[in-house]
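Here is upload_35.txt, consisting of compact mmCIF, C-alpha atoms and all ligand atoms:
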# COMPACT_ATOMS: atom_id res chain seq x y z
CA MET A 290 -25.95 12.30 -11.53
CA GLU A 291 -24.39 10.14 -14.26
CA ARG A 292 -21.50 12.00 -15.87
CA THR A 293 -18.63 11.40 -18.26
CA THR A 294 -15.27 13.05 -18.69
CA THR A 295 -11.78 12.37 -19.98
CA ILE A 296 -9.20 11.43 -17.37
CA ARG A 297 -5.57 10.59 -18.16
CA GLY A 298 -6.51 10.35 -21.86
CA ARG A 299 -9.40 7.94 -21.39
CA HIS A 300 -13.18 8.27 -21.28
CA VAL A 301 -14.48 7.82 -17.71
CA ARG A 302 -18.05 7.48 -16.46
CA TYR A 303 -18.90 8.37 -12.89
CA LEU A 304 -21.84 9.07 -10.62
CA ASP A 305 -21.78 12.44 -8.88
CA ALA A 306 -24.44 13.99 -6.65
CA GLY A 307 -24.77 16.33 -3.70
CA GLN A 308 -22.79 19.26 -2.42
CA GLY A 309 -20.32 19.80 0.37
CA GLN A 310 -17.49 17.58 1.51
CA THR A 311 -16.53 14.75 -0.82
CA LEU A 312 -16.89 11.01 -0.35
CA LEU A 313 -15.17 8.94 -3.05
CA LEU A 314 -16.84 5.53 -3.47
CA LEU A 315 -14.84 2.67 -5.01
CA HIS A 316 -16.70 -0.38 -6.29
CA ALA A 317 -16.26 -4.14 -5.98
CA PHE A 318 -15.18 -6.68 -8.61
CA PRO A 319 -16.75 -7.34 -11.11
CA LEU A 320 -19.43 -4.66 -10.67
CA SER A 321 -19.51 -0.94 -11.42
CA ALA A 322 -20.24 2.41 -9.77
CA ASP A 323 -23.95 1.55 -10.01
CA MET A 324 -23.56 -0.68 -6.96
CA TRP A 325 -23.46 2.54 -4.92
CA ARG A 326 -26.92 3.73 -6.03
CA PRO A 327 -28.55 2.91 -2.65
CA GLN A 328 -25.98 5.15 -0.96
CA PHE A 329 -26.71 7.92 -3.47
CA ASP A 330 -30.40 7.51 -2.60
CA GLN A 331 -29.58 7.92 1.11
CA ARG A 332 -26.96 10.62 0.68
CA PRO A 333 -25.84 12.18 3.95
CA GLU A 334 -26.59 15.88 4.36
CA GLY A 335 -23.61 18.09 3.48
CA TRP A 336 -21.81 15.46 1.39
CA ARG A 337 -21.04 15.10 -2.29
CA LEU A 338 -20.71 11.49 -3.45
CA VAL A 339 -18.42 10.65 -6.39
CA ALA A 340 -18.29 7.07 -7.69
CA PRO A 341 -16.23 6.26 -10.82
CA ASP A 342 -16.40 3.13 -12.95
CA TYR A 343 -12.87 1.69 -12.99
CA ALA A 344 -11.07 1.59 -16.34
CA GLY A 345 -12.69 -1.11 -18.45
CA PHE A 346 -15.81 -1.32 -16.25
CA GLY A 347 -19.29 0.12 -16.81
CA GLY A 348 -18.88 3.13 -19.09
CA SER A 349 -15.15 3.75 -18.58
CA GLU A 350 -12.55 2.99 -21.22
CA ARG A 351 -9.99 0.26 -20.63
CA PHE A 352 -6.33 1.03 -19.81
CA VAL A 353 -4.18 1.62 -22.87
CA GLY A 354 -0.48 0.84 -22.57
CA GLU A 355 -0.62 0.92 -18.79
CA PRO A 356 -0.24 -2.03 -16.44
CA ALA A 357 -3.50 -3.12 -14.87
CA ALA A 358 -2.71 -2.54 -11.20
CA VAL A 359 -4.65 -1.30 -8.18
CA ALA A 360 -2.29 1.72 -8.27
CA SER A 361 -3.56 2.60 -11.78
CA TYR A 362 -7.22 2.55 -10.67
CA ALA A 363 -6.22 4.79 -7.74
CA LEU A 364 -4.41 7.21 -10.07
CA ASP A 365 -7.60 7.48 -12.15
CA ALA A 366 -9.78 8.11 -9.09
CA ILE A 367 -7.45 10.81 -7.76
CA ALA A 368 -7.15 12.42 -11.20
CA LEU A 369 -10.96 12.52 -11.38
CA LEU A 370 -11.11 14.35 -8.04
CA ASP A 371 -8.39 16.73 -9.25
CA ALA A 372 -10.46 17.45 -12.36
CA LEU A 373 -13.49 18.12 -10.14
CA GLY A 374 -11.44 20.55 -8.03
CA VAL A 375 -11.63 18.35 -4.93
CA HIS A 376 -8.58 18.39 -2.68
CA ARG A 377 -9.64 16.82 0.63
CA PHE A 378 -11.89 13.77 0.68
CA VAL A 379 -13.01 10.62 2.44
CA VAL A 380 -12.47 7.39 0.51
CA ALA A 381 -14.71 4.35 0.91
CA GLY A 382 -14.02 1.09 -0.88
CA LEU A 383 -15.87 -2.21 -0.82
CA SER A 384 -13.85 -5.37 -1.50
CA MET A 385 -11.73 -4.58 -4.59
CA GLY A 386 -12.66 -0.98 -3.74
CA GLY A 387 -10.82 -1.47 -0.46
CA TYR A 388 -7.71 -2.65 -2.31
CA VAL A 389 -7.90 0.46 -4.49
CA ALA A 390 -8.53 2.59 -1.38
CA PHE A 391 -5.23 1.32 0.08
CA ALA A 392 -3.55 2.45 -3.14
CA VAL A 393 -5.25 5.85 -2.71
CA VAL A 394 -3.79 5.99 0.82
CA ARG A 395 -0.33 5.31 -0.64
CA GLN A 396 -0.69 8.04 -3.25
CA ALA A 397 -2.65 10.78 -1.47
CA ARG A 398 -2.44 10.18 2.27
CA MET A 399 -2.28 13.90 3.12
CA ARG A 400 -5.54 14.58 1.29
CA LEU A 401 -7.56 12.01 3.23
CA ARG A 402 -10.06 13.02 5.89
CA GLY A 403 -11.18 9.49 6.50
CA LEU A 404 -11.09 5.93 5.22
CA VAL A 405 -13.91 3.40 4.99
CA LEU A 406 -12.95 -0.24 4.40
CA ALA A 407 -15.97 -2.42 3.67
CA ASP A 408 -16.04 -6.18 3.05
CA THR A 409 -12.39 -6.22 2.07
CA ARG A 410 -8.98 -7.38 3.27
CA ALA A 411 -5.55 -5.83 3.75
CA ASP A 412 -3.32 -8.75 2.81
CA ALA A 413 -2.19 -9.75 -0.68
CA ASP A 414 -3.41 -12.87 -2.51
CA SER A 415 -2.19 -16.22 -1.21
CA ASP A 416 -0.61 -18.67 -3.67
CA GLU A 417 -3.92 -20.50 -3.78
CA ALA A 418 -5.86 -17.30 -4.51
CA ARG A 419 -3.39 -16.47 -7.33
CA ALA A 420 -3.88 -19.89 -8.85
CA ASN A 421 -7.65 -19.30 -8.75
CA ARG A 422 -7.16 -15.96 -10.51
CA GLN A 423 -5.18 -17.70 -13.27
CA SER A 424 -8.06 -20.13 -13.74
CA MET A 425 -10.47 -17.19 -13.83
CA MET A 426 -8.40 -15.52 -16.58
CA ALA A 427 -8.43 -18.70 -18.64
CA ALA A 428 -12.19 -19.00 -18.11
CA LEU A 429 -12.69 -15.35 -19.13
CA ASP A 430 -10.73 -15.97 -22.34
CA GLU A 431 -12.91 -18.96 -23.06
CA ARG A 432 -16.36 -17.87 -21.96
CA GLY A 433 -16.23 -14.09 -21.61
CA VAL A 434 -17.77 -12.19 -18.70
CA ALA A 435 -20.14 -15.11 -18.01
CA ALA A 436 -17.16 -16.82 -16.38
CA ALA A 437 -16.80 -14.05 -13.79
CA ARG A 438 -20.57 -13.90 -13.32
CA ASP A 439 -20.85 -17.62 -12.65
CA ALA A 440 -17.85 -17.70 -10.31
CA MET A 441 -18.77 -14.60 -8.30
CA LEU A 442 -22.55 -14.34 -8.20
CA PRO A 443 -23.13 -17.25 -5.81
CA LYS A 444 -20.60 -15.81 -3.33
CA LEU A 445 -21.35 -12.10 -3.46
CA LEU A 446 -24.72 -12.20 -1.72
CA ALA A 447 -25.60 -14.15 1.42
CA GLU A 448 -27.61 -17.22 0.40
CA GLU A 449 -30.70 -16.16 2.37
CA ASN A 450 -30.69 -12.71 0.77
CA ALA A 451 -30.27 -14.12 -2.74
CA ALA A 452 -33.19 -16.48 -2.12
CA ALA A 453 -35.43 -13.78 -0.63
CA HIS A 454 -34.53 -11.06 -3.17
CA PRO A 455 -34.37 -12.38 -6.75
CA GLU A 456 -34.55 -8.76 -7.96
CA LEU A 457 -31.28 -8.01 -6.16
CA VAL A 458 -29.63 -11.02 -7.77
CA ALA A 459 -30.90 -9.78 -11.16
CA THR A 460 -29.50 -6.29 -10.51
CA VAL A 461 -26.06 -7.63 -9.61
CA ARG A 462 -26.09 -10.06 -12.54
CA ALA A 463 -26.97 -7.27 -14.99
CA MET A 464 -24.22 -5.05 -13.55
CA ILE A 465 -21.65 -7.81 -14.11
CA GLU A 466 -22.89 -8.64 -17.61
CA ARG A 467 -22.65 -5.01 -18.75
CA ASN A 468 -18.87 -5.10 -18.26
CA ALA A 469 -16.56 -5.88 -21.16
CA VAL A 470 -14.36 -8.93 -20.76
CA GLY A 471 -11.11 -6.99 -21.31
CA GLY A 472 -11.74 -4.71 -18.34
CA VAL A 473 -12.66 -7.62 -16.11
CA ARG A 474 -9.51 -9.45 -17.21
CA ASP A 475 -7.38 -6.39 -16.39
CA ALA A 476 -8.94 -6.29 -12.94
CA VAL A 477 -8.08 -9.93 -12.26
CA ALA A 478 -4.45 -9.09 -13.11
CA ALA A 479 -4.62 -6.13 -10.73
CA LEU A 480 -6.19 -8.15 -7.92
CA MET A 481 -3.58 -10.87 -8.06
CA THR A 482 -0.65 -8.45 -8.08
CA ARG A 483 -1.90 -6.11 -5.39
CA PRO A 484 0.61 -5.37 -2.64
CA ASP A 485 0.23 -6.43 0.96
CA SER A 486 -1.36 -3.52 2.83
CA VAL A 487 -1.13 -5.04 6.31
CA PRO A 488 2.10 -3.10 7.10
CA LEU A 489 0.32 0.12 6.05
CA LEU A 490 -2.52 -0.18 8.57
CA LYS A 491 -0.61 1.01 11.65
CA ASP A 492 0.39 4.22 9.82
CA ILE A 493 -3.11 5.25 8.73
CA ALA A 494 -3.74 8.01 11.23
CA CYS A 495 -6.99 9.40 9.83
CA PRO A 496 -10.33 8.21 11.25
CA ALA A 497 -11.34 4.88 9.75
CA LEU A 498 -14.53 2.87 9.63
CA VAL A 499 -14.31 -0.88 9.08
CA LEU A 500 -17.62 -2.28 7.87
CA VAL A 501 -18.56 -5.87 7.15
CA GLY A 502 -21.64 -7.93 6.46
CA GLU A 503 -22.18 -10.47 9.21
CA ARG A 504 -22.45 -13.24 6.58
CA ASP A 505 -19.69 -12.12 4.23
CA ALA A 506 -18.38 -15.40 2.75
CA ILE A 507 -15.57 -13.83 0.68
CA THR A 508 -13.97 -11.56 3.29
CA PRO A 509 -15.35 -12.73 6.65
CA VAL A 510 -15.82 -10.72 9.84
CA ALA A 511 -12.56 -11.99 11.44
CA LEU A 512 -10.48 -10.19 8.76
CA HIS A 513 -12.21 -6.96 9.68
CA GLU A 514 -11.57 -7.47 13.38
CA GLN A 515 -7.87 -7.78 12.49
CA MET A 516 -7.89 -4.60 10.38
CA HIS A 517 -9.80 -2.79 13.11
CA ALA A 518 -7.22 -3.87 15.71
CA ALA A 519 -4.28 -2.77 13.54
CA LEU A 520 -5.65 0.65 12.57
CA PRO A 521 -4.82 3.35 15.15
CA ASN A 522 -8.11 5.25 14.88
CA ALA A 523 -10.87 2.92 13.72
CA THR A 524 -14.43 1.89 14.47
CA LEU A 525 -15.84 -1.51 13.52
CA ALA A 526 -19.44 -2.04 12.38
CA VAL A 527 -20.87 -5.46 11.60
CA ILE A 528 -24.02 -5.25 9.45
CA PRO A 529 -26.51 -7.90 10.63
CA GLY A 530 -27.82 -10.22 7.94
CA ALA A 531 -25.64 -8.86 5.13
CA GLY A 532 -23.22 -10.82 2.95
CA HIS A 533 -20.25 -9.53 0.92
CA LEU A 534 -22.23 -6.82 -0.87
CA ALA A 535 -23.34 -5.37 2.46
CA ASN A 536 -24.24 -1.98 0.97
CA LEU A 537 -26.72 -3.60 -1.43
CA GLU A 538 -28.03 -6.29 0.90
CA ARG A 539 -28.67 -4.01 3.88
CA PRO A 540 -28.57 -0.52 2.34
CA ALA A 541 -30.24 1.26 5.26
CA ALA A 542 -27.93 -0.21 7.91
CA PHE A 543 -24.85 0.32 5.72
CA SER A 544 -25.76 3.92 4.91
CA ALA A 545 -26.56 4.62 8.56
CA ALA A 546 -23.13 3.36 9.68
CA LEU A 547 -21.46 5.36 6.91
CA GLY A 548 -23.49 8.49 7.68
CA GLY A 549 -22.70 8.19 11.40
CA PHE A 550 -18.98 7.96 10.65
CA LEU A 551 -19.05 10.97 8.32
CA ALA A 552 -21.06 13.05 10.80
CA ALA A 553 -18.58 12.27 13.61
CA LEU A 554 -15.46 13.31 11.65
CA PRO A 555 -13.58 16.15 13.31
CA PRO A 556 -13.71 19.52 11.52
CA ASP A 557 -11.23 19.64 8.66
CA SER A 558 -8.26 21.70 9.83
CA HIS A 559 -6.52 21.35 6.41
CA ALA A 560 -9.46 22.58 4.32
C1 LIG A 601 -14.65 -8.14 -4.82
O1 LIG A 601 -15.79 -8.31 -4.37
O2 LIG A 601 -14.24 -7.03 -5.19
C2 LIG A 601 -13.78 -9.35 -4.97
O3 LIG A 601 -14.34 -10.42 -4.29
C3 LIG A 601 -12.40 -9.10 -4.51
C4 LIG A 601 -11.51 -10.29 -4.67
O4 LIG A 601 -11.82 -11.20 -5.45
O5 LIG A 601 -10.46 -10.32 -4.00

Starting from the coordinates I provided, produce the structure as structure tokens.
Amino acid sequence: MERTTTIRGRHVRYLDAGQGQTLLLLHAFPLSADMWRPQFDQRPEGWRLVAPDYAGFGGSERFVGEPAAVASYALDAIALLDALGVHRFVVAGLSMGGYVAFAVVRQARMRLRGLVLADTRADADSDEARANRQSMMAALDERGVAAARDAMLPKLLAEENAAAHPELVATVRAMIERNAVGGVRDAVAALMTRPDSVPLLKDIACPALVLVGERDAITPVALHEQMHAALPNATLAVIPGAGHLANLERPAAFSAALGGFLAALPPDSHA
């Protein structure tokens, strides 16, 4: 299930399991493809799941001579699917994964069978958010990945879930700490320069699923109601009891919503 290859001149690590139609899974900041393991464990029948580590995360090499931008992560993900011989696919992104998924929409709209936006947002960073990113970069330079861990860990999981599941906190912490500081720094640059995707929403004609943890403190439910309202062909699912990392906090409910969406997709007339 864990594989490596060379994409666009760089070493890339990805998780890959199952056979059939393809679901591309894009991870959150500052985690890795491993955050999708519960979904691999509950893989829907007839689907192949492919989850890359972004450049500079997990086991993937950092960008060389290329601007760190959500568009670059999307180019990598699409190039990986090309290398695997996959033309049509569904893309699912959680948080930063949603930002990268919007970039995938921009680059490969005709290849998409469906879009899943989980615990994310369509708008660009506010001035305040950009200032926070600058502080995060300075902290990363000073303290390494621990700076991202300390800033993000308390917000990623709902407080009740973190208290009740210390093993989940440990898993997320370990995932963050395995990342190299350079890759995390690149991602901060990409997050703060990402384009506004709100104008894109009305033109995304493929079926979409908007998923959010009821207690998501980073990208709250209201943002998802707005995306749901703006997308022409979308369903909204609120996962009870989950925080920002809804797929890890309530894996069964998340996977069930995802599986239901995939099962209800119309037959692929472009296949
Ligand atoms: C994430 O979970 O990927 C981040 O919270 C995204 C962000 O900081 O905007």

Could you tell me how far atom CA of Leu370 of chain A sits from atom CA of Pro341 of chain A, in Å to one decimal place? 10.0 Å

Residue neighbourhood Arg377 of chain A, 8 Å, only C-alpha atoms, exclusion window fewer than 5 positions, as a ChimeraX atom specification: /A:310-311,400-402,559-560

So that I can check the surroundings of Arg332 of chain A, please list as a PyMOL selection string every protein, DNA and RNA residue that reaches within 12 Å of it, counting only C-alpha atoms and ignoring chain neighbours fewer than 3 positions away. chain A and resi 305-312+325-329+335-339+540-541+543-545+547-549+551-552

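The contact shell of ligand LIG 601 (chain A), defined as all polymer residues within 9 Å when only C-alpha atoms and all ligand atoms are used, comprises His316, Ala317, Phe318, Pro319, Leu320, Leu383, Ser384, Met385, Gly386, Gly387, Tyr388, Asp408, Thr409, Arg410, Ala413, Asp414, Ala418, Arg422, Met441, Lys444, Leu445, Val477, Leu480, Met481, Ile507, Thr508, His533 and Leu534 of chain A.
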
Selection export as a PDB file, keeping the file's coordinate frame, atoms kept: C-alpha atoms:
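Listing of out.pdb after writing:
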ATOM      1  CA  HIS A 316     -16.700  -0.380  -6.290  1.00  0.00           C
ATOM      2  CA  ALA A 317     -16.260  -4.140  -5.980  1.00  0.00           C
ATOM      3  CA  PHE A 318     -15.180  -6.680  -8.610  1.00  0.00           C
ATOM      4  CA  PRO A 319     -16.750  -7.340 -11.110  1.00  0.00           C
ATOM      5  CA  LEU A 320     -19.430  -4.660 -10.670  1.00  0.00           C
ATOM      6  CA  LEU A 383     -15.870  -2.210  -0.820  1.00  0.00           C
ATOM      7  CA  SER A 384     -13.850  -5.370  -1.500  1.00  0.00           C
ATOM      8  CA  MET A 385     -11.730  -4.580  -4.590  1.00  0.00           C
ATOM      9  CA  GLY A 386     -12.660  -0.980  -3.740  1.00  0.00           C
ATOM     10  CA  GLY A 387     -10.820  -1.470  -0.460  1.00  0.00           C
ATOM     11  CA  TYR A 388      -7.710  -2.650  -2.310  1.00  0.00           C
ATOM     12  CA  ASP A 408     -16.040  -6.180   3.050  1.00  0.00           C
ATOM     13  CA  THR A 409     -12.390  -6.220   2.070  1.00  0.00           C
ATOM     14  CA  ARG A 410      -8.980  -7.380   3.270  1.00  0.00           C
ATOM     15  CA  ALA A 413      -2.190  -9.750  -0.680  1.00  0.00           C
ATOM     16  CA  ASP A 414      -3.410 -12.870  -2.510  1.00  0.00           C
ATOM     17  CA  ALA A 418      -5.860 -17.300  -4.510  1.00  0.00           C
ATOM     18  CA  ARG A 422      -7.160 -15.960 -10.510  1.00  0.00           C
ATOM     19  CA  MET A 441     -18.770 -14.600  -8.300  1.00  0.00           C
ATOM     20  CA  LYS A 444     -20.600 -15.810  -3.330  1.00  0.00           C
ATOM     21  CA  LEU A 445     -21.350 -12.100  -3.460  1.00  0.00           C
ATOM     22  CA  VAL A 477      -8.080  -9.930 -12.260  1.00  0.00           C
ATOM     23  CA  LEU A 480      -6.190  -8.150  -7.920  1.00  0.00           C
ATOM     24  CA  MET A 481      -3.580 -10.870  -8.060  1.00  0.00           C
ATOM     25  CA  ILE A 507     -15.570 -13.830   0.680  1.00  0.00           C
ATOM     26  CA  THR A 508     -13.970 -11.560   3.290  1.00  0.00           C
ATOM     27  CA  HIS A 533     -20.250  -9.530   0.920  1.00  0.00           C
ATOM     28  CA  LEU A 534     -22.230  -6.820  -0.870  1.00  0.00           C
TER      29      LEU A 534
END

Across A:Leu537, A:Ala366, A:Ala420, A:Val393, the smallest distance to His454 of chain A, with only C-alpha atoms counted, is shown by A:Leu537

Report as a PyMOL selection string all protein, DNA and RNA residues lying within 10 Å of Ala476 of chain A, evaluated on all atoms listed in the file, omitting residues in the same chain fewer than 3 positions from it. chain A and resi 318-319+343-346+357-359+362+385+426+470-473+479-482
